[in-house]
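Worksheet: the structure to be examined is printed underneath.
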Amino acid sequence: MLTDDLNNMQKEAVLNINGPLLLLAGAGSGKTRVITYRIAYMVEQGINPFNILAITFTNKAAKEMKERVNKLLDDNGVWISTFHSMCVKILRQYINYIDYDNNFIIYDTDDSEKILKESIKELNLSDKMFPTKKVMSIISEKKDKLITPLEFEKEAFGDNIQSKMAEIYKLYQSKLKESNALDFDDIIFKTIELFKKNNDILEKYQSRFMYIMVDEYQDTNTSQYVLIKLLSQKNNNICVVGDDDQSIYAWRGANIMNILNFEKDFPGAKVIKLEQNYRSTQNILDVANSVIKNNITRKDKSLWTSNPVGEKIFYSKLKNDIEEGNFIVKKAQELKQKNYNYNDIAILYRQNSMSRILEEQLLKSNIPYRIVGGVKFYDRKEIKDVLAYLKVIFNPKDTISLKRIINVPKRGIGNTTVEKINNFTINNKINFFEALNNLDMIPDLGSKFNDLLEFRNLILYFRNFSEENTISELINEVLEKTNYLEELKQEYSEESFARIENIESFIDKAISFEELSEDKSLRKFLEDISLLSDIDNLNDTDDQITLMTMHSSKGLEYPIVFLPGLEEGIFPSYRSIVSPSKKELEEERRLCYVAITRAKEYLYITSTNSRMHNGKIIYNEKSRFLDEIPKELLFEIYKDNKKKLDNSGISQYSFTKKFNDSLDMNLDGKNYKDNYNLKPPTKVDIDFKVGDEVRQIKYGIGTVVQIDNAGADYEVTVDFKFNGRKKLMANLSKLKKHN
């Protein structure tokens with residue numbers, strides 16, 4: 001009965017449970033259903049759920065898979081997890097076998113870069129010669145390829161720059177270990193090290209995981225490939241699901257050859273193609289197929305659907321990026337009037353920098369939106385401060401977090417004092433907290449001795465408090481005893497009030513964790529936060545247009561998708577065009593395929609004659625990807641009033657001369673001028689005038705320079721004391737007169 005509502009290829013995939021299996025699952029082909037039904041079928045055949053492992057890439061995907069399996073199986077013990085969550089669980093139990101403490105913490109990018117900066121400084125190397133981000137990228141690449149500092153040292157012999165890089169890598173790893181911390185790349189790197197050094201532990205997991213399934217296999221990197229190879233080599237019951245046409249993460253180590261070479265790596269593998277799409281119209285699929293077939297490095301497949309043929313793909317070439325933004329806004333408003341919601345709409349762009357103009361136009365039209373991949377909640381200063389306290393309470397060896405909070409809130413412990421303690425730790429080969437436990441041995445502390453002693457005792461108090469109390473109670477105690485909230489209240493600014501709201505939201509998160517999580521420990525709380533991604537936090541319930549990069553959109557779907565900026569040098573990127581290798585251009589084409597197949601019903605593509613890029617106006621030809629789409633699949637929207645309505649009933653956008661004039665760019669290319677007269681907004685009242693001081697929650701206090709009518713709202717130009725000149729919509733940005 002399980003297979004009754006599956007198509008023939010899906011059914012074949014579910015019923016083949018023994019031996020290696022490659023499922024080539026095209027976009028929207030129902031792969032999650034196949035994986036979950038396959039798990040249920042295994043259990044139906046008598047396989048113990050305890051012996052089944054299913055791995056995917058995001059927490060969101062893992063959660064969805066768990067929910068679907070739970071509907072099919074009662075009280076199952078299937079291990080469904082992301083790569084990193086699985087490895088953290090293994091390391092929590094066994095990392096002491098490779099000389100770490102089991103209460104390790106996981107550093108985010110910011111913390112990792114701080115340790116790296118310290119390492120570069122300690123080695124007396126120039127940060128211009130060895131920029132932190134570049135060195136971090138090289139270390140990440142080495143870990144992905146499972147190259148240790150010692151192996152890098154041998155590899156770099158004779159090359160001065162590379163030898164210095166190896167030296168930095170070595171010191172960086174030493175400092176991580178000293179803090180009993182792992183960076184994100186270490187999670188898989190150290191799990192493989194554990195398995196290779198402890199064959200009995202590897203055998204334990206090989207025996208447990210008799211059946212392994214890996215989702216999104218095209219996104220695996222070298223270390224993930226090795227991990228899967230190690231775990232599956234005993235039973236050889238490995239099923240990987242993926243689509244080589246959706247391999248778009250080479251820049252972060254994904255290796256498309258993992259999926260293309262699966263049959264060589266696992267002899268006797270069966271290959272099943274899932275080509276029936278349940279998401280999009282046939283026209284959208286025909287466009288996607290016509291683009292991707294131009295790639296050479298791929299397995300042949302072609303998406304089809306029993307869905308309606310649907311509308312042609314709408315394309316318009318516009319004058320500039322401001323006109324492009326206005327076009328998208330106008331279309332979004334028309335679609336809203338035709339009973340679509342704003343959360344049915346996604347705008348996908350190749351580069352983050354393209355969001356600025358789009359945001360301005362959406363704000364101007366009072367259209368709500370969300371940006372995926374903007375400033376993350378957990379990257380905000382106040383949240384990182386509170387998290388740093390929690391990390392130190394859990395693991396006092398965490399030097400980076402200790403240094404962050406030692407003078408937050410201010411307690412008179414400056415950089416000079418921290419440097420004295422730092423030198424003491426280096427000379428005595430101990431960690432920072434051990435130094436705080438030996439303050440009487442550190443020379444020249446003077447009056448700071450008591451301040452440091454008080455701070456050390458405060459941390460010890462919090463550690464004791466954490467043993468008997470919940471996480472939310474611990475956070476409140478930290479805020480109370482440190483006066484952190486009190487200091488923000490005394491600052492009495494819109495920004496400080498916003499920070500207080502963020503902290504309150506963080507406490508809500510802790511309470512929610514306590515209610516929903518089986519493991520309510522501080523360790524698990526910190527672990528969950530460290531493994532979150534942008535997409536995990538995406539909330540589709542609010543009626544807002546979604547803005548995100550094409551890379552972030554993978555795995556998502558929307559009834560209406562806009563793809564702006566299809567121009568040579570933008571998409572495909574300039575780097576991929578000039579690269580002597582075809583690999584980068586093929587990856588760009590796969591990204592185009594992913595972006596197109598996010599759309600279910602309507603797809604709008606735009607390009608421009610000119611746009612602002614890195615502070616300059618650039619002129620681009622339309623993208624080669626547009627030339628790869630058959631003309632009969634495109635419906636061009638022109639900039640005049642002569643075109644008739646298309647058969648979808650959605651009126652095409654037309655630009656009168658008056659409207660075009662209003663979009664002329666100023667000399668700096670960053671602003672536009674309003675040459676048309678709009679009536680004052682009827683539903684918005686403002687309590688300020690030009691010259692008045694106003695306040696805004698994000699930018700603080702500023703002086704009003706100009707007020708313009710902007711249709712449904714007032715556009716207000718404000719000179720902010722600390723944030724410069726900004727143009728804001730009065731009602732949408734909640735501008736208020738400052739008394």
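Chain labels A, B, ... are given in the sequence in which chains occur in the structure tokens; within each chain residues are numbered consecutively from 1, and ligands are likewise numbered from 1 in the order shown.
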Contact table range 530-623 of chain A vs range 284-296 of chain A, cut-off 10 Å, shortest pair per residue, only C-alpha atoms, as a tab-separated table:
residue	atom	partner	partner_atom	distance
A:Lys582	CA	A:Asn295	CA	9.2
A:Lys583	CA	A:Asn295	CA	9.4
A:Leu585	CA	A:Asn295	CA	8.9
A:Glu586	CA	A:Asn295	CA	5.8
A:Glu587	CA	A:Asn295	CA	8.9
A:Arg589	CA	A:Ile292	CA	6.4
A:Arg590	CA	A:Ile292	CA	6.5
A:Leu591	CA	A:Ile292	CA	9.5
A:Cys592	CA	A:Val291	CA	7.9
A:Tyr593	CA	A:Ala288	CA	5.3
A:Val594	CA	A:Ala288	CA	8.2
A:Ala595	CA	A:Ala288	CA	9.0
A:Ile596	CA	A:Ala288	CA	6.1
A:Thr597	CA	A:Ala288	CA	6.7
A:Arg598	CA	A:Ile284	CA	9.5
A:Ala599	CA	A:Ile284	CA	7.4
A:Lys600	CA	A:Ile284	CA	7.8
A:Glu601	CA	A:Ile284	CA	7.9
A:Tyr602	CA	A:Ile284	CA	8.0
A:Leu603	CA	A:Ile284	CA	7.4
Take the residues that were just selected and, keeping N, CA and C atoms, output them as a PDB file, in the first residue's frame.
ATOM      1  N   LYS A 582      36.157  25.460 -18.092  1.00  0.00           N
ATOM      2  CA  LYS A 582      34.709  25.546 -18.321  1.00  0.00           C
ATOM      3  C   LYS A 582      33.919  25.207 -17.048  1.00  0.00           C
ATOM      4  N   LYS A 583      34.633  24.759 -16.007  1.00  0.00           N
ATOM      5  CA  LYS A 583      33.952  24.302 -14.792  1.00  0.00           C
ATOM      6  C   LYS A 583      33.119  25.398 -14.160  1.00  0.00           C
ATOM      7  N   LEU A 585      31.863  28.166 -15.502  1.00  0.00           N
ATOM      8  CA  LEU A 585      30.713  28.546 -16.316  1.00  0.00           C
ATOM      9  C   LEU A 585      29.614  27.489 -16.226  1.00  0.00           C
ATOM     10  N   GLU A 586      30.002  26.227 -16.172  1.00  0.00           N
ATOM     11  CA  GLU A 586      29.012  25.162 -16.037  1.00  0.00           C
ATOM     12  C   GLU A 586      28.315  25.238 -14.678  1.00  0.00           C
ATOM     13  N   GLU A 587      29.061  25.623 -13.645  1.00  0.00           N
ATOM     14  CA  GLU A 587      28.437  25.787 -12.323  1.00  0.00           C
ATOM     15  C   GLU A 587      27.439  26.941 -12.343  1.00  0.00           C
ATOM     16  N   ARG A 589      25.739  27.863 -14.896  1.00  0.00           N
ATOM     17  CA  ARG A 589      24.565  27.383 -15.632  1.00  0.00           C
ATOM     18  C   ARG A 589      23.709  26.483 -14.744  1.00  0.00           C
ATOM     19  N   ARG A 590      24.346  25.681 -13.896  1.00  0.00           N
ATOM     20  CA  ARG A 590      23.581  24.857 -12.952  1.00  0.00           C
ATOM     21  C   ARG A 590      22.824  25.750 -11.969  1.00  0.00           C
ATOM     22  N   LEU A 591      23.451  26.856 -11.580  1.00  0.00           N
ATOM     23  CA  LEU A 591      22.789  27.802 -10.680  1.00  0.00           C
ATOM     24  C   LEU A 591      21.560  28.413 -11.356  1.00  0.00           C
ATOM     25  N   CYS A 592      21.677  28.688 -12.648  1.00  0.00           N
ATOM     26  CA  CYS A 592      20.546  29.216 -13.417  1.00  0.00           C
ATOM     27  C   CYS A 592      19.419  28.185 -13.444  1.00  0.00           C
ATOM     28  N   TYR A 593      19.777  26.941 -13.628  1.00  0.00           N
ATOM     29  CA  TYR A 593      18.799  25.837 -13.645  1.00  0.00           C
ATOM     30  C   TYR A 593      18.070  25.746 -12.298  1.00  0.00           C
ATOM     31  N   VAL A 594      18.836  25.862 -11.209  1.00  0.00           N
ATOM     32  CA  VAL A 594      18.242  25.831  -9.868  1.00  0.00           C
ATOM     33  C   VAL A 594      17.268  26.989  -9.698  1.00  0.00           C
ATOM     34  N   ALA A 595      17.699  28.199 -10.104  1.00  0.00           N
ATOM     35  CA  ALA A 595      16.857  29.388  -9.936  1.00  0.00           C
ATOM     36  C   ALA A 595      15.546  29.256 -10.726  1.00  0.00           C
ATOM     37  N   ILE A 596      15.642  28.796 -11.963  1.00  0.00           N
ATOM     38  CA  ILE A 596      14.446  28.639 -12.810  1.00  0.00           C
ATOM     39  C   ILE A 596      13.468  27.639 -12.195  1.00  0.00           C
ATOM     40  N   THR A 597      13.994  26.526 -11.687  1.00  0.00           N
ATOM     41  CA  THR A 597      13.121  25.454 -11.186  1.00  0.00           C
ATOM     42  C   THR A 597      12.571  25.726  -9.785  1.00  0.00           C
ATOM     43  N   ARG A 598      12.826  26.910  -9.226  1.00  0.00           N
ATOM     44  CA  ARG A 598      12.148  27.293  -7.974  1.00  0.00           C
ATOM     45  C   ARG A 598      10.711  27.723  -8.276  1.00  0.00           C
ATOM     46  N   ALA A 599      10.455  28.130  -9.529  1.00  0.00           N
ATOM     47  CA  ALA A 599       9.150  28.700  -9.903  1.00  0.00           C
ATOM     48  C   ALA A 599       8.126  27.606 -10.178  1.00  0.00           C
ATOM     49  N   LYS A 600       6.924  27.805  -9.664  1.00  0.00           N
ATOM     50  CA  LYS A 600       5.849  26.845  -9.884  1.00  0.00           C
ATOM     51  C   LYS A 600       4.913  27.280 -11.020  1.00  0.00           C
ATOM     52  N   GLU A 601       4.555  28.591 -11.062  1.00  0.00           N
ATOM     53  CA  GLU A 601       3.553  29.049 -12.021  1.00  0.00           C
ATOM     54  C   GLU A 601       4.045  30.158 -12.948  1.00  0.00           C
ATOM     55  N   TYR A 602       4.666  31.183 -12.374  1.00  0.00           N
ATOM     56  CA  TYR A 602       5.119  32.321 -13.178  1.00  0.00           C
ATOM     57  C   TYR A 602       6.598  32.568 -12.946  1.00  0.00           C
ATOM     58  N   LEU A 603       7.297  32.865 -14.044  1.00  0.00           N
ATOM     59  CA  LEU A 603       8.718  33.195 -13.973  1.00  0.00           C
ATOM     60  C   LEU A 603       8.962  34.479 -14.755  1.00  0.00           C
TER      61      LEU A 603
END
- Distance of CA of Ser581 in chain A from CA of Lys142 in chain A, expressed in Å to one decimal place: 22.1 Å
- Task: Would you list the contacts of Asp185 in chain A as a VMD selection string, taking every protein, DNA or RNA residue within 10 Å and counting only C-alpha atoms, but skipping same-chain residues closer than 3 positions in sequence?
- Result: chain A and resid 84 106 139 to 144 146 182 188 to 190 223
- Hey, what's within 12 Å of range 154-167 of chain A if we count only C-alpha atoms and toss same-chain stuff fewer than 6 positions away? As number ranges by chain, please? A: 116, 119-120, 122-127, 129-132, 134-139, 142, 147-148, 173-174
- Task: Would you kindly return, as a list in words, each protein, DNA or RNA residue with an atom no farther than 12 Å from any atom of Asp265 in chain A, considering only C-alpha atoms and excluding same-chain residues fewer than 3 positions away?
- Result: Pro20, Leu21, Leu22, Tyr225, Val226, Ile228, Lys229, Ser232, Gln233, Asn236, Ile238, Met257, Asn258, Ile259, Leu260, Asn261, Phe262, Gly268 and Ala269 of chain A
Next, dump the selected residues to file, keeping only N, CA and C atoms, as a PDB file, in the first residue's frame.
ATOM      1  N   PRO A  20      24.367  -0.839  -3.412  1.00  0.00           N
ATOM      2  CA  PRO A  20      24.482   0.591  -3.723  1.00  0.00           C
ATOM      3  C   PRO A  20      23.443   1.044  -4.742  1.00  0.00           C
ATOM      4  N   LEU A  21      22.857   2.232  -4.492  1.00  0.00           N
ATOM      5  CA  LEU A  21      21.815   2.767  -5.361  1.00  0.00           C
ATOM      6  C   LEU A  21      22.015   4.268  -5.535  1.00  0.00           C
ATOM      7  N   LEU A  22      22.001   4.703  -6.791  1.00  0.00           N
ATOM      8  CA  LEU A  22      22.068   6.133  -7.100  1.00  0.00           C
ATOM      9  C   LEU A  22      20.714   6.580  -7.625  1.00  0.00           C
ATOM     10  N   TYR A 225      32.402  12.796   1.702  1.00  0.00           N
ATOM     11  CA  TYR A 225      32.509  11.593   0.875  1.00  0.00           C
ATOM     12  C   TYR A 225      33.278  10.495   1.618  1.00  0.00           C
ATOM     13  N   VAL A 226      34.407  10.870   2.220  1.00  0.00           N
ATOM     14  CA  VAL A 226      35.230   9.892   2.954  1.00  0.00           C
ATOM     15  C   VAL A 226      34.456   9.332   4.142  1.00  0.00           C
ATOM     16  N   ILE A 228      31.180   8.994   4.504  1.00  0.00           N
ATOM     17  CA  ILE A 228      30.162   8.053   4.012  1.00  0.00           C
ATOM     18  C   ILE A 228      30.808   6.751   3.561  1.00  0.00           C
ATOM     19  N   LYS A 229      31.942   6.868   2.899  1.00  0.00           N
ATOM     20  CA  LYS A 229      32.669   5.684   2.421  1.00  0.00           C
ATOM     21  C   LYS A 229      33.072   4.794   3.609  1.00  0.00           C
ATOM     22  N   SER A 232      29.904   3.090   5.275  1.00  0.00           N
ATOM     23  CA  SER A 232      29.136   2.137   4.455  1.00  0.00           C
ATOM     24  C   SER A 232      29.941   0.935   3.989  1.00  0.00           C
ATOM     25  N   GLN A 233      31.266   0.933   4.220  1.00  0.00           N
ATOM     26  CA  GLN A 233      32.089  -0.093   3.568  1.00  0.00           C
ATOM     27  C   GLN A 233      31.853  -1.507   4.102  1.00  0.00           C
ATOM     28  N   ASN A 236      27.709  -2.077   2.644  1.00  0.00           N
ATOM     29  CA  ASN A 236      27.570  -1.660   1.241  1.00  0.00           C
ATOM     30  C   ASN A 236      26.123  -1.359   0.832  1.00  0.00           C
ATOM     31  N   ILE A 238      24.232   1.374   0.523  1.00  0.00           N
ATOM     32  CA  ILE A 238      24.305   2.835   0.480  1.00  0.00           C
ATOM     33  C   ILE A 238      23.426   3.364  -0.655  1.00  0.00           C
ATOM     34  N   MET A 257      32.053  15.487  -8.830  1.00  0.00           N
ATOM     35  CA  MET A 257      32.520  14.166  -9.244  1.00  0.00           C
ATOM     36  C   MET A 257      32.080  13.068  -8.272  1.00  0.00           C
ATOM     37  N   ASN A 258      31.729  13.435  -7.038  1.00  0.00           N
ATOM     38  CA  ASN A 258      31.241  12.427  -6.089  1.00  0.00           C
ATOM     39  C   ASN A 258      30.000  11.726  -6.633  1.00  0.00           C
ATOM     40  N   ILE A 259      29.077  12.506  -7.208  1.00  0.00           N
ATOM     41  CA  ILE A 259      27.853  11.893  -7.751  1.00  0.00           C
ATOM     42  C   ILE A 259      28.093  11.316  -9.147  1.00  0.00           C
ATOM     43  N   LEU A 260      28.932  11.984  -9.947  1.00  0.00           N
ATOM     44  CA  LEU A 260      29.191  11.496 -11.311  1.00  0.00           C
ATOM     45  C   LEU A 260      29.988  10.192 -11.303  1.00  0.00           C
ATOM     46  N   ASN A 261      30.812   9.986 -10.257  1.00  0.00           N
ATOM     47  CA  ASN A 261      31.652   8.782 -10.182  1.00  0.00           C
ATOM     48  C   ASN A 261      31.080   7.709  -9.251  1.00  0.00           C
ATOM     49  N   PHE A 262      29.837   7.872  -8.838  1.00  0.00           N
ATOM     50  CA  PHE A 262      29.271   6.940  -7.844  1.00  0.00           C
ATOM     51  C   PHE A 262      29.370   5.487  -8.295  1.00  0.00           C
ATOM     52  N   GLY A 268      28.734  -2.179  -9.108  1.00  0.00           N
ATOM     53  CA  GLY A 268      27.459  -2.886  -9.079  1.00  0.00           C
ATOM     54  C   GLY A 268      26.288  -1.991  -8.716  1.00  0.00           C
ATOM     55  N   ALA A 269      26.524  -0.667  -8.648  1.00  0.00           N
ATOM     56  CA  ALA A 269      25.462   0.268  -8.264  1.00  0.00           C
ATOM     57  C   ALA A 269      24.345   0.303  -9.305  1.00  0.00           C
TER      58      ALA A 269
END
- Item | Residues near range 615-623 of chain A, cut-off 8 Å, only C-alpha atoms, skip fewer than 2 positions along chain, as number ranges by chain | A: 566-569, 571-572, 607-613, 625-627, 669
- Among the residues A:Lys726, A:Lys11, A:Ala61, A:Leu547, the one that comes closest to Ile272 in chain A [using only C-alpha atoms]: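 Of A:Lys726, A:Lys11, A:Ala61, A:Leu547, the one nearest Ile272 in chain A, counting only C-alpha atoms, is A:Lys11.
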- Task: One decimal, Å: what's the distance from CA of Tyr100 in chain A over to CA of Ala62 in chain A, could you say?
- Result: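 Separating CA of Tyr100 in chain A from CA of Ala62 in chain A is a distance of 28.1 Å.
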- Item | Nearest residue to Lys520 in chain A from the set A:Ile52, A:Leu532, A:Ile471, A:Ile701 (distances using only C-alpha atoms) |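 Counting only C-alpha atoms, the residue closest to Lys520 in chain A is A:Ile471.
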- For Ile475 in chain A, please output as a PyMOL selection string all residues within 12 Å (counting only C-alpha atoms; exclusion window: fewer than 2 positions along the same chain). chain A and resi 383+385-391+393+462-463+465-466+469-473+477-485+503-511+522
- Query: What gap, in Å, lies between CA of Phe688 in chain A and CA of Arg725 in chain A?
  - Reply: 17.2 Å
Could you go through range 538-632 of chain A and tell me which residues DSSP, when run on the backbone, assigns to strand (DSSP E or B), listing them as a PDB file with N, CA and C atoms, in the first residue's frame?
ATOM      1  N   ILE A 545       7.302  39.453   0.668  1.00  0.00           N
ATOM      2  CA  ILE A 545       8.103  38.982  -0.460  1.00  0.00           C
ATOM      3  C   ILE A 545       9.458  38.515   0.079  1.00  0.00           C
ATOM      4  N   THR A 546       9.965  37.432  -0.459  1.00  0.00           N
ATOM      5  CA  THR A 546      11.265  36.908  -0.026  1.00  0.00           C
ATOM      6  C   THR A 546      12.352  37.332  -1.000  1.00  0.00           C
ATOM      7  N   LEU A 547      13.414  37.918  -0.464  1.00  0.00           N
ATOM      8  CA  LEU A 547      14.595  38.276  -1.252  1.00  0.00           C
ATOM      9  C   LEU A 547      15.742  37.388  -0.799  1.00  0.00           C
ATOM     10  N   MET A 548      16.418  36.769  -1.738  1.00  0.00           N
ATOM     11  CA  MET A 548      17.568  35.943  -1.372  1.00  0.00           C
ATOM     12  C   MET A 548      18.445  35.689  -2.592  1.00  0.00           C
ATOM     13  N   THR A 549      19.666  35.219  -2.330  1.00  0.00           N
ATOM     14  CA  THR A 549      20.533  34.833  -3.438  1.00  0.00           C
ATOM     15  C   THR A 549      20.025  33.536  -4.047  1.00  0.00           C
ATOM     16  N   TYR A 558       8.377  28.566  -4.999  1.00  0.00           N
ATOM     17  CA  TYR A 558       7.443  29.692  -4.896  1.00  0.00           C
ATOM     18  C   TYR A 558       6.565  29.720  -6.147  1.00  0.00           C
ATOM     19  N   PRO A 559       5.290  30.078  -6.008  1.00  0.00           N
ATOM     20  CA  PRO A 559       4.435  30.203  -7.193  1.00  0.00           C
ATOM     21  C   PRO A 559       4.990  31.201  -8.211  1.00  0.00           C
ATOM     22  N   ILE A 560       5.582  32.302  -7.721  1.00  0.00           N
ATOM     23  CA  ILE A 560       6.100  33.341  -8.622  1.00  0.00           C
ATOM     24  C   ILE A 560       7.555  33.637  -8.277  1.00  0.00           C
ATOM     25  N   VAL A 561       8.396  33.631  -9.300  1.00  0.00           N
ATOM     26  CA  VAL A 561       9.819  33.921  -9.096  1.00  0.00           C
ATOM     27  C   VAL A 561      10.270  35.009 -10.063  1.00  0.00           C
ATOM     28  N   PHE A 562      11.010  35.978  -9.535  1.00  0.00           N
ATOM     29  CA  PHE A 562      11.651  37.007 -10.355  1.00  0.00           C
ATOM     30  C   PHE A 562      13.157  36.754 -10.351  1.00  0.00           C
ATOM     31  N   LEU A 563      13.756  36.798 -11.543  1.00  0.00           N
ATOM     32  CA  LEU A 563      15.213  36.651 -11.680  1.00  0.00           C
ATOM     33  C   LEU A 563      15.765  37.924 -12.328  1.00  0.00           C
ATOM     34  N   GLU A 567      22.591  39.242 -16.974  1.00  0.00           N
ATOM     35  CA  GLU A 567      23.510  39.970 -17.860  1.00  0.00           C
ATOM     36  C   GLU A 567      24.896  39.348 -17.783  1.00  0.00           C
ATOM     37  N   GLY A 569      28.551  39.038 -17.052  1.00  0.00           N
ATOM     38  CA  GLY A 569      29.358  39.703 -16.032  1.00  0.00           C
ATOM     39  C   GLY A 569      28.660  39.741 -14.685  1.00  0.00           C
ATOM     40  N   SER A 573      28.749  35.149 -13.897  1.00  0.00           N
ATOM     41  CA  SER A 573      29.680  36.101 -13.294  1.00  0.00           C
ATOM     42  C   SER A 573      30.875  36.340 -14.209  1.00  0.00           C
ATOM     43  N   ALA A 599      10.455  28.130  -9.529  1.00  0.00           N
ATOM     44  CA  ALA A 599       9.150  28.700  -9.903  1.00  0.00           C
ATOM     45  C   ALA A 599       8.126  27.606 -10.178  1.00  0.00           C
ATOM     46  N   LYS A 600       6.924  27.805  -9.664  1.00  0.00           N
ATOM     47  CA  LYS A 600       5.849  26.845  -9.884  1.00  0.00           C
ATOM     48  C   LYS A 600       4.913  27.280 -11.020  1.00  0.00           C
ATOM     49  N   GLU A 601       4.555  28.591 -11.062  1.00  0.00           N
ATOM     50  CA  GLU A 601       3.553  29.049 -12.021  1.00  0.00           C
ATOM     51  C   GLU A 601       4.045  30.158 -12.948  1.00  0.00           C
ATOM     52  N   TYR A 602       4.666  31.183 -12.374  1.00  0.00           N
ATOM     53  CA  TYR A 602       5.119  32.321 -13.178  1.00  0.00           C
ATOM     54  C   TYR A 602       6.598  32.568 -12.946  1.00  0.00           C
ATOM     55  N   LEU A 603       7.297  32.865 -14.044  1.00  0.00           N
ATOM     56  CA  LEU A 603       8.718  33.195 -13.973  1.00  0.00           C
ATOM     57  C   LEU A 603       8.962  34.479 -14.755  1.00  0.00           C
ATOM     58  N   TYR A 604       9.541  35.470 -14.091  1.00  0.00           N
ATOM     59  CA  TYR A 604       9.874  36.746 -14.724  1.00  0.00           C
ATOM     60  C   TYR A 604      11.390  36.910 -14.723  1.00  0.00           C
ATOM     61  N   ILE A 605      11.943  37.191 -15.905  1.00  0.00           N
ATOM     62  CA  ILE A 605      13.394  37.400 -16.040  1.00  0.00           C
ATOM     63  C   ILE A 605      13.629  38.812 -16.552  1.00  0.00           C
ATOM     64  N   THR A 606      14.594  39.514 -15.972  1.00  0.00           N
ATOM     65  CA  THR A 606      14.913  40.870 -16.434  1.00  0.00           C
ATOM     66  C   THR A 606      16.415  41.046 -16.620  1.00  0.00           C
ATOM     67  N   SER A 607      16.748  41.936 -17.526  1.00  0.00           N
ATOM     68  CA  SER A 607      18.135  42.402 -17.664  1.00  0.00           C
ATOM     69  C   SER A 607      18.064  43.910 -17.877  1.00  0.00           C
ATOM     70  N   THR A 608      19.188  44.595 -17.771  1.00  0.00           N
ATOM     71  CA  THR A 608      19.196  46.055 -17.917  1.00  0.00           C
ATOM     72  C   THR A 608      20.309  46.500 -18.857  1.00  0.00           C
ATOM     73  N   SER A 610      22.090  49.221 -18.124  1.00  0.00           N
ATOM     74  CA  SER A 610      23.149  49.670 -17.206  1.00  0.00           C
ATOM     75  C   SER A 610      22.709  49.447 -15.776  1.00  0.00           C
ATOM     76  N   ARG A 611      23.688  49.324 -14.884  1.00  0.00           N
ATOM     77  CA  ARG A 611      23.391  49.202 -13.456  1.00  0.00           C
ATOM     78  C   ARG A 611      24.603  49.669 -12.646  1.00  0.00           C
ATOM     79  N   MET A 612      24.338  50.029 -11.381  1.00  0.00           N
ATOM     80  CA  MET A 612      25.428  50.394 -10.480  1.00  0.00           C
ATOM     81  C   MET A 612      26.118  49.129  -9.988  1.00  0.00           C
ATOM     82  N   HIS A 613      27.442  49.116 -10.041  1.00  0.00           N
ATOM     83  CA  HIS A 613      28.203  47.957  -9.573  1.00  0.00           C
ATOM     84  C   HIS A 613      29.530  48.449  -9.018  1.00  0.00           C
ATOM     85  N   LYS A 616      30.254  52.130  -9.624  1.00  0.00           N
ATOM     86  CA  LYS A 616      30.346  52.626 -11.003  1.00  0.00           C
ATOM     87  C   LYS A 616      29.138  52.153 -11.803  1.00  0.00           C
ATOM     88  N   ILE A 617      28.800  52.938 -12.837  1.00  0.00           N
ATOM     89  CA  ILE A 617      27.752  52.493 -13.748  1.00  0.00           C
ATOM     90  C   ILE A 617      28.393  51.586 -14.789  1.00  0.00           C
ATOM     91  N   ILE A 618      27.864  50.370 -14.912  1.00  0.00           N
ATOM     92  CA  ILE A 618      28.412  49.424 -15.895  1.00  0.00           C
ATOM     93  C   ILE A 618      27.350  49.114 -16.945  1.00  0.00           C
ATOM     94  N   TYR A 619      27.811  48.718 -18.131  1.00  0.00           N
ATOM     95  CA  TYR A 619      26.923  48.401 -19.248  1.00  0.00           C
ATOM     96  C   TYR A 619      27.196  46.957 -19.665  1.00  0.00           C
ATOM     97  N   LYS A 622      22.996  41.217 -22.554  1.00  0.00           N
ATOM     98  CA  LYS A 622      22.129  40.263 -21.858  1.00  0.00           C
ATOM     99  C   LYS A 622      22.843  38.914 -21.731  1.00  0.00           C
TER     100      LYS A 622
END
- Task: Go through A:Arg523, A:Leu53, A:Ala40, A:Glu467 one by one, measure the shortest atom-to-atom distance of each to Arg68 in chain A using only C-alpha atoms, and give the residue with the smallest value.
- Result: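 That would be A:Ala40, the residue with the smallest distance to Arg68 in chain A.
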- Nearest to Thr32 in chain A, chosen from A:Lys170, A:Asp215, A:Asn103, A:Glu118, with only C-alpha atoms counted in the distances: A:Asp215
- Just list the residues in range 312-539 of chain A DSSP gives helix (DSSP H, G or I) on the backbone, as a ChimeraX atom specification. /A:321-337,342-344,352-364,377-379,381-394,399-405,415-428,432-436,439-441,448-468,471-482,484-491,494-516,522-530,535-537
- Residue among A:Trp304, A:Phe377, A:Trp79, A:Tyr340 lying closest to Phe209 in chain A, counting only C-alpha atoms: A:Trp79
- Which of these, A:Lys273, A:Lys721, A:Lys234, A:Lys63, has the shortest distance to Met9 in chain A once you count only C-alpha atoms?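 Counting only C-alpha atoms, the residue closest to Met9 in chain A is A:Lys273.
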